[in-house]
Amino acid sequence: MMSKRDIAWSMIGIGAVVFSCWLLYQEVRGISLAEIAGSLQAINLHSWLLAALATAGAYTALAWYDRIALDHLGKKISWWFITLCSFTTYALAHNIGASVFSGALVRYRAYRSKGLTPHEIGVVILFCSFTFALGTLLAGGVVLLIKPDLIQRVANITPWLSVVIGLGLLTLVGLYVLGAWRHFKPWTRGKLHIEYPRLRVVGRQLLAGPLELLCAAAIIYFALPEAGNPGYLTILGIFLASFSLALLSHAPGGLGVLEVTFIAALPELATADVLAALIVFRCLYLLLPFALALVVVSTFEYKQWTCTKAPGRHP
């Protein structure tokens, strides 16, 4: 049964979707389906292949999150199992929404079958979430420093303030690295007791976190037309802003939030072209993995069920 907190976040997510879709409708009501279809048809095979490779890179980086977390715990599990578990977790969570289905259940069922305790699984979940947050801070800080005027596409902020924000984000990353280097006091949340990881593990986090975001943004970049394209770094910055807003809104799949943000931040491109690129992103990064994840979960649960039914066997 869902708790009151889960219900509250679900309602927030639904409200965010409704409001974002209303804003999106105001932006696209003058565009016909034929225009969007034409923009999709204009995306060549080469761009589709590059977008597909970027998708594979993003989910490989997500699997690396789990691998790093398990290395932090000193657990050895096959890369293939970790990849399937991570892929399924994120494919479901991205589409259903973190407030409704955080991925904890998938990881719990999968890693319990490998002998991990509930406490260890909790550490893995928090560690993966922190790796993503770390990657967002690092990528966002670097982008804001390299292109300080980029922030004006999504907010009425002067470039110098963008530099200050970028430096602040990188400072937070630096404090985390310092804590691992100097062995700061462990972080405790309830029964969870999380120590700063080894510097080698932190180094891998600083690679895996940004890599997933770089690849995810590349999907949209490759799907956009070359004419009028402001460049990859700009698309990355907009993606970081829109993806962060989508997570804060708890809207499943960032429905409406991504579209509204990208359309507002890319006035130099035709709205139909922007929507077509986001459709490609949703198909490759969200919908196709979601369908495959349902197959993986069904297969895993069937094997677990048959294992418990077999005489003298236990899961």
# chains A, B, ... in the order shown; residues from 1 in each chain; ligands from 1
call {"tool": "select_by_dssp", "arguments": {"residues": "segment 11-228 of chain A", "states": "helix (DSSP H, G or I)", "output": "number ranges by chain"}}
result
A: 11-28, 33-41, 45-73, 79-96, 104-112, 118-146, 148-153, 159-182, 199-223
call {"tool": "residues_around", "arguments": {"residues": "segment 69-81 of chain A", "least_positions_apart": "5", "cutoff": "8 Å", "atoms": "only C-alpha atoms", "output": "list in words"}}
result
Lys114, Glu120, Val123, Val124, Phe127, Cys128, Pro197, Arg198 and Val201 of chain A
call {"tool": "atom_distance", "arguments": {"atom1": "atom CA of Trp305 of chain A", "atom2": "atom CA of Ala93 of chain A"}}
result
23.6 Å
call {"tool": "residues_around", "arguments": {"residues": "Ala217 of chain A", "least_positions_apart": "6", "cutoff": "7 Å", "atoms": "only C-alpha atoms", "output": "PyMOL selection string"}}
result
chain A and resi 235-236+239
call {"tool": "closest_residue", "arguments": {"among": "A:Gly237, A:Gly168, A:Gly174, A:Pro159", "to": "Leu214 of chain A", "atoms": "only C-alpha atoms"}}
result
A:Gly237
call {"tool": "atom_distance", "arguments": {"atom1": "atom CA of Leu275 of chain A", "atom2": "atom CA of Gly256 of chain A"}}
result
10.7 Å
